[in-house]
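Asks: I am sharing entry_33.pdb, which consists of PDB, C-alpha atoms:
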```pdb
ATOM      1  CA  MET B 101      24.776 -15.969 -14.240  1.00  0.00           C
ATOM      2  CA  GLU B 102      24.833 -15.012 -10.590  1.00  0.00           C
ATOM      3  CA  ILE B 103      22.478 -12.843  -8.557  1.00  0.00           C
ATOM      4  CA  THR B 104      24.777 -10.334  -6.894  1.00  0.00           C
ATOM      5  CA  GLU B 105      22.212  -8.085  -5.195  1.00  0.00           C
ATOM      6  CA  VAL B 106      18.541  -8.062  -4.259  1.00  0.00           C
ATOM      7  CA  ARG B 107      16.932  -4.862  -2.972  1.00  0.00           C
ATOM      8  CA  ILE B 108      13.556  -5.036  -1.257  1.00  0.00           C
ATOM      9  CA  THR B 109      11.047  -2.227  -0.689  1.00  0.00           C
ATOM     10  CA  LEU B 110       8.359  -3.411   1.716  1.00  0.00           C
ATOM     11  CA  ARG B 111       4.698  -2.550   1.139  1.00  0.00           C
ATOM     12  CA  ASP B 112       1.859  -2.867   3.636  1.00  0.00           C
ATOM     13  CA  GLU B 113      -0.935  -3.998   1.328  1.00  0.00           C
ATOM     14  CA  GLU B 114      -3.220  -7.022   1.343  1.00  0.00           C
ATOM     15  CA  LYS B 115      -1.631  -8.827  -1.617  1.00  0.00           C
ATOM     16  CA  LEU B 116       1.379  -6.756  -2.654  1.00  0.00           C
ATOM     17  CA  LYS B 117       3.993  -7.255   0.050  1.00  0.00           C
ATOM     18  CA  ALA B 118       7.148  -5.846  -1.566  1.00  0.00           C
ATOM     19  CA  PHE B 119       8.896  -4.600  -4.683  1.00  0.00           C
ATOM     20  CA  ALA B 120      12.275  -6.077  -5.567  1.00  0.00           C
ATOM     21  CA  ASN B 121      15.194  -5.139  -7.798  1.00  0.00           C
ATOM     22  CA  VAL B 122      17.579  -7.949  -8.776  1.00  0.00           C
ATOM     23  CA  THR B 123      21.140  -7.380 -10.017  1.00  0.00           C
ATOM     24  CA  PHE B 124      22.911 -10.056 -12.062  1.00  0.00           C
ATOM     25  CA  ASP B 125      26.737 -10.334 -12.194  1.00  0.00           C
ATOM     26  CA  ASP B 126      27.091  -6.747 -10.880  1.00  0.00           C
ATOM     27  CA  ALA B 127      26.248  -5.726 -14.456  1.00  0.00           C
ATOM     28  CA  PHE B 128      22.498  -5.951 -15.176  1.00  0.00           C
ATOM     29  CA  VAL B 129      19.488  -5.004 -13.038  1.00  0.00           C
ATOM     30  CA  VAL B 130      15.836  -5.977 -13.376  1.00  0.00           C
ATOM     31  CA  ARG B 131      13.530  -3.625 -11.476  1.00  0.00           C
ATOM     32  CA  GLY B 132       9.890  -3.951 -10.569  1.00  0.00           C
ATOM     33  CA  LEU B 133       9.573  -7.564  -9.421  1.00  0.00           C
ATOM     34  CA  LYS B 134       6.784  -7.971  -6.868  1.00  0.00           C
ATOM     35  CA  VAL B 135       6.329 -10.224  -3.852  1.00  0.00           C
ATOM     36  CA  ILE B 136       2.663 -11.234  -3.863  1.00  0.00           C
ATOM     37  CA  ASN B 137       0.732 -12.984  -1.096  1.00  0.00           C
ATOM     38  CA  GLY B 138      -1.345 -15.413  -3.164  1.00  0.00           C
ATOM     39  CA  THR B 139      -3.842 -18.081  -2.226  1.00  0.00           C
ATOM     40  CA  ASN B 140      -1.074 -20.728  -2.239  1.00  0.00           C
ATOM     41  CA  GLY B 141       1.554 -18.668  -0.415  1.00  0.00           C
ATOM     42  CA  TYR B 142       4.066 -16.054  -1.484  1.00  0.00           C
ATOM     43  CA  PHE B 143       5.316 -15.843  -5.052  1.00  0.00           C
ATOM     44  CA  VAL B 144       7.426 -13.487  -7.138  1.00  0.00           C
ATOM     45  CA  SER B 145       5.785 -11.662 -10.024  1.00  0.00           C
ATOM     46  CA  MET B 146       7.970 -10.468 -12.871  1.00  0.00           C
ATOM     47  CA  PRO B 147       7.822  -6.839 -14.033  1.00  0.00           C
ATOM     48  CA  SER B 148       5.038  -6.289 -16.542  1.00  0.00           C
ATOM     49  CA  ARG B 149       3.103  -3.630 -18.390  1.00  0.00           C
ATOM     50  CA  LYS B 150      -0.561  -3.274 -19.213  1.00  0.00           C
ATOM     51  CA  ARG B 151      -1.469  -3.783 -22.847  1.00  0.00           C
ATOM     52  CA  PRO B 152      -4.214  -1.785 -24.616  1.00  0.00           C
ATOM     53  CA  ASP B 153      -6.567  -4.788 -24.363  1.00  0.00           C
ATOM     54  CA  GLY B 154      -6.277  -4.770 -20.549  1.00  0.00           C
ATOM     55  CA  THR B 155      -4.043  -7.834 -20.227  1.00  0.00           C
ATOM     56  CA  TYR B 156      -0.534  -7.758 -18.781  1.00  0.00           C
ATOM     57  CA  GLN B 157       2.681  -8.775 -20.511  1.00  0.00           C
ATOM     58  CA  ASP B 158       5.950  -9.557 -18.724  1.00  0.00           C
ATOM     59  CA  ILE B 159       8.758  -7.166 -19.581  1.00  0.00           C
ATOM     60  CA  ALA B 160      11.454  -9.552 -18.357  1.00  0.00           C
ATOM     61  CA  HIS B 161      11.118 -13.134 -17.191  1.00  0.00           C
ATOM     62  CA  PRO B 162      13.151 -16.327 -16.705  1.00  0.00           C
ATOM     63  CA  ILE B 163      13.149 -18.783 -19.589  1.00  0.00           C
ATOM     64  CA  ASN B 164      13.245 -21.958 -17.481  1.00  0.00           C
ATOM     65  CA  ASN B 165      12.066 -23.234 -14.093  1.00  0.00           C
ATOM     66  CA  GLU B 166      15.604 -23.447 -12.690  1.00  0.00           C
ATOM     67  CA  MET B 167      16.206 -19.726 -13.161  1.00  0.00           C
ATOM     68  CA  ARG B 168      12.707 -18.919 -11.888  1.00  0.00           C
ATOM     69  CA  ARG B 169      13.483 -20.931  -8.721  1.00  0.00           C
ATOM     70  CA  ILE B 170      16.851 -19.174  -8.282  1.00  0.00           C
ATOM     71  CA  ILE B 171      15.239 -15.723  -8.598  1.00  0.00           C
ATOM     72  CA  GLU B 172      12.272 -16.622  -6.400  1.00  0.00           C
ATOM     73  CA  ASP B 173      14.491 -18.117  -3.668  1.00  0.00           C
ATOM     74  CA  ALA B 174      16.757 -15.055  -3.655  1.00  0.00           C
ATOM     75  CA  VAL B 175      13.893 -12.538  -3.632  1.00  0.00           C
ATOM     76  CA  LEU B 176      11.801 -14.371  -1.021  1.00  0.00           C
ATOM     77  CA  GLY B 177      14.903 -14.880   1.147  1.00  0.00           C
ATOM     78  CA  GLU B 178      15.690 -11.159   1.096  1.00  0.00           C
ATOM     79  CA  TYR B 179      12.009 -10.355   1.627  1.00  0.00           C
ATOM     80  CA  GLU B 180      12.035 -12.502   4.773  1.00  0.00           C
ATOM     81  CA  LYS B 181      15.149 -10.688   6.055  1.00  0.00           C
ATOM     82  CA  ALA B 182      13.672  -7.256   5.307  1.00  0.00           C
ATOM     83  CA  ARG B 183      10.372  -8.178   6.917  1.00  0.00           C
ATOM     84  CA  GLN B 184      12.071  -9.560  10.020  1.00  0.00           C
ATOM     85  CA  ALA B 185      14.235  -6.439  10.313  1.00  0.00           C
ATOM     86  CA  ASP B 186      11.189  -4.186   9.909  1.00  0.00           C
ATOM     87  CA  ALA B 187       9.128  -6.215  12.386  1.00  0.00           C
ATOM     88  CA  SER B 188      11.912  -6.282  14.963  1.00  0.00           C
ATOM     89  CA  LEU B 189      12.130  -2.492  14.711  1.00  0.00           C
ATOM     90  CA  GLN B 190       8.405  -2.415  15.426  1.00  0.00           C
ATOM     91  CA  GLY B 191       8.600  -5.232  18.003  1.00  0.00           C
ATOM     92  CA  LYS B 192       6.402  -7.756  16.192  1.00  0.00           C
ATOM     93  CA  ALA B 193       8.532 -10.269  14.249  1.00  0.00           C
ATOM     94  CA  GLU B 194       6.691 -13.194  12.641  1.00  0.00           C
ATOM     95  CA  PRO B 195       8.142 -15.744  10.190  1.00  0.00           C
ATOM     96  CA  VAL B 196       6.922 -15.732   6.596  1.00  0.00           C
ATOM     97  CA  PRO B 197       5.031 -18.946   5.759  1.00  0.00           C
ATOM     98  CA  GLU B 198       6.885 -21.257   3.400  1.00  0.00           C
ATOM     99  CA  VAL B 199       5.846 -21.423  -0.240  1.00  0.00           C
ATOM    100  CA  GLU B 200       3.563 -24.458  -0.409  1.00  0.00           C
ATOM    101  CA  GLU B 201       5.015 -26.092  -3.535  1.00  0.00           C
ATOM    102  CA  PRO B 202       8.472 -26.067  -5.099  1.00  0.00           C
ATOM    103  CA  VAL B 203       8.650 -24.252  -8.430  1.00  0.00           C
ATOM    104  CA  GLU B 204       9.154 -27.536 -10.304  1.00  0.00           C
ATOM    105  CA  GLU B 205       5.707 -28.728  -9.175  1.00  0.00           C
ATOM    106  CA  ILE B 206       3.774 -25.618 -10.173  1.00  0.00           C
ATOM    107  CA  GLU B 207       1.200 -26.599 -12.749  1.00  0.00           C
ATOM    108  CA  GLU B 208      -0.224 -24.406 -15.498  1.00  0.00           C
ATOM    109  CA  GLU B 209      -3.342 -23.810 -13.388  1.00  0.00           C
ATOM    110  CA  ALA B 210      -1.301 -22.316 -10.541  1.00  0.00           C
ATOM    111  CA  VAL B 211       0.596 -20.086 -12.952  1.00  0.00           C
ATOM    112  CA  GLU B 212      -2.681 -18.803 -14.424  1.00  0.00           C
ATOM    113  CA  GLU B 213      -4.048 -18.185 -10.924  1.00  0.00           C
ATOM    114  CA  GLY B 214      -0.924 -16.199 -10.049  1.00  0.00           C
ATOM    115  CA  LEU B 215      -1.275 -14.134 -13.215  1.00  0.00           C
ATOM    116  CA  GLU B 216      -4.886 -13.341 -12.332  1.00  0.00           C
ATOM    117  CA  GLU B 217      -3.852 -12.251  -8.824  1.00  0.00           C
ATOM    118  CA  GLU B 218      -0.999 -10.226 -10.306  1.00  0.00           C
ATOM    119  CA  GLU B 219      -3.456  -8.453 -12.625  1.00  0.00           C
ATOM    120  CA  GLU B 220      -5.682  -7.625  -9.641  1.00  0.00           C
ATOM    121  CA  VAL B 221      -2.730  -6.112  -7.769  1.00  0.00           C
ATOM    122  CA  GLU B 222      -1.639  -4.112 -10.816  1.00  0.00           C
ATOM    123  CA  GLU B 223      -5.192  -2.842 -11.362  1.00  0.00           C
ATOM    124  CA  GLU B 224      -5.331  -1.724  -7.712  1.00  0.00           C
ATOM    125  CA  GLU B 225      -2.009   0.099  -8.142  1.00  0.00           C
ATOM    126  CA  GLU B 226      -3.254   1.759 -11.330  1.00  0.00           C
ATOM    127  CA  GLU B 227      -6.464   2.895  -9.603  1.00  0.00           C
ATOM    128  CA  LYS B 228      -4.418   4.429  -6.765  1.00  0.00           C
ATOM    129  CA  LYS B 229      -2.179   6.153  -9.315  1.00  0.00           C
ATOM    130  CA  ASP B 230      -5.192   7.508 -11.232  1.00  0.00           C
ATOM    131  CA  THR B 231      -6.733   8.780  -7.968  1.00  0.00           C
ATOM    132  CA  LYS B 232      -3.491  10.582  -7.055  1.00  0.00           C
ATOM    133  CA  GLU B 233      -3.251  12.143 -10.541  1.00  0.00           C
ATOM    134  CA  LYS B 234      -6.829  13.474 -10.320  1.00  0.00           C
ATOM    135  CA  LYS B 235      -6.048  15.291  -7.036  1.00  0.00           C
TER     136      LYS B 235
END
```
Using structure tokens, write down the structure that the file contains.
Replies:
Amino acid sequence: MEITEVRITLRDEEKLKAFANVTFDDAFVVRGLKVINGTNGYFVSMPSRKRPDGTYQDIAHPINNEMRRIIEDAVLGEYEKARQADASLQGKAEPVPEVEEPVEEIEEEAVEEGLEEEEEVEEEEEEKKDTKEKK
């Protein structure tokens, strides 16, 4: 399986830095991945939905660490390019800090921390959506 396209939509928020859509083999697309600025650097959050109990469940996700690394490298690479292009248009290019640990070394604790940060970002998005709907 090959990633044939990654589309990035930049966001200017504290934690949520971009949305990404990833196309596999020019035949299948996964939309709604997020680039999150976490406490240990940038990471890619898979698309998810909020369950009735308030927790979040991934809609699509890689089954193994190798595929997670492939997706994360592709998305973060395209994010860096999009960010550099946007910054150069605005005259303020800065490199994105490297992810602190390779995917293979991520422990369960780091994954849980990322999920908590992801939930915070999704709750913020939901609050903004609710505010817009009330207007």
Asks: Compare B:Asn137, B:Glu180, B:Val175, B:Asp153 by their minimum atom-to-atom distance to Glu113 (chain B), counting all atoms listed in the file, and give me the closest one.
Replies: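 Comparing B:Asn137, B:Glu180, B:Val175, B:Asp153 against Glu113 (chain B), the winner is B:Asn137.
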Asks: Check what the PyMOL selection byres ((chain B and resi 174) around 12) selects in the file above and give those residues as a ChimeraX atom specification.
Replies: /B:102-108,120-124,133,135,143-144,167-173,175-181
Asks: Kindly give the distance, in Å, that separates CA of Gln184 (chain B) and CA of Gly141 (chain B), rounded to a single decimal.
Replies: 17.4 Å
Asks: So how many Å separate CA of Glu225 (chain B) and CA of Ile163 (chain B), to one decimal?
Replies: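 CA of Glu225 (chain B) sits 26.8 Å away from CA of Ile163 (chain B).
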Asks: Just to confirm, what's the straight-line distance from CA of Ile159 (chain B) to CA of Glu222 (chain B) in Å (one decimal)?
Replies: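 Value for the CA of Ile159 (chain B)-CA of Glu222 (chain B) distance: 13.9 Å.
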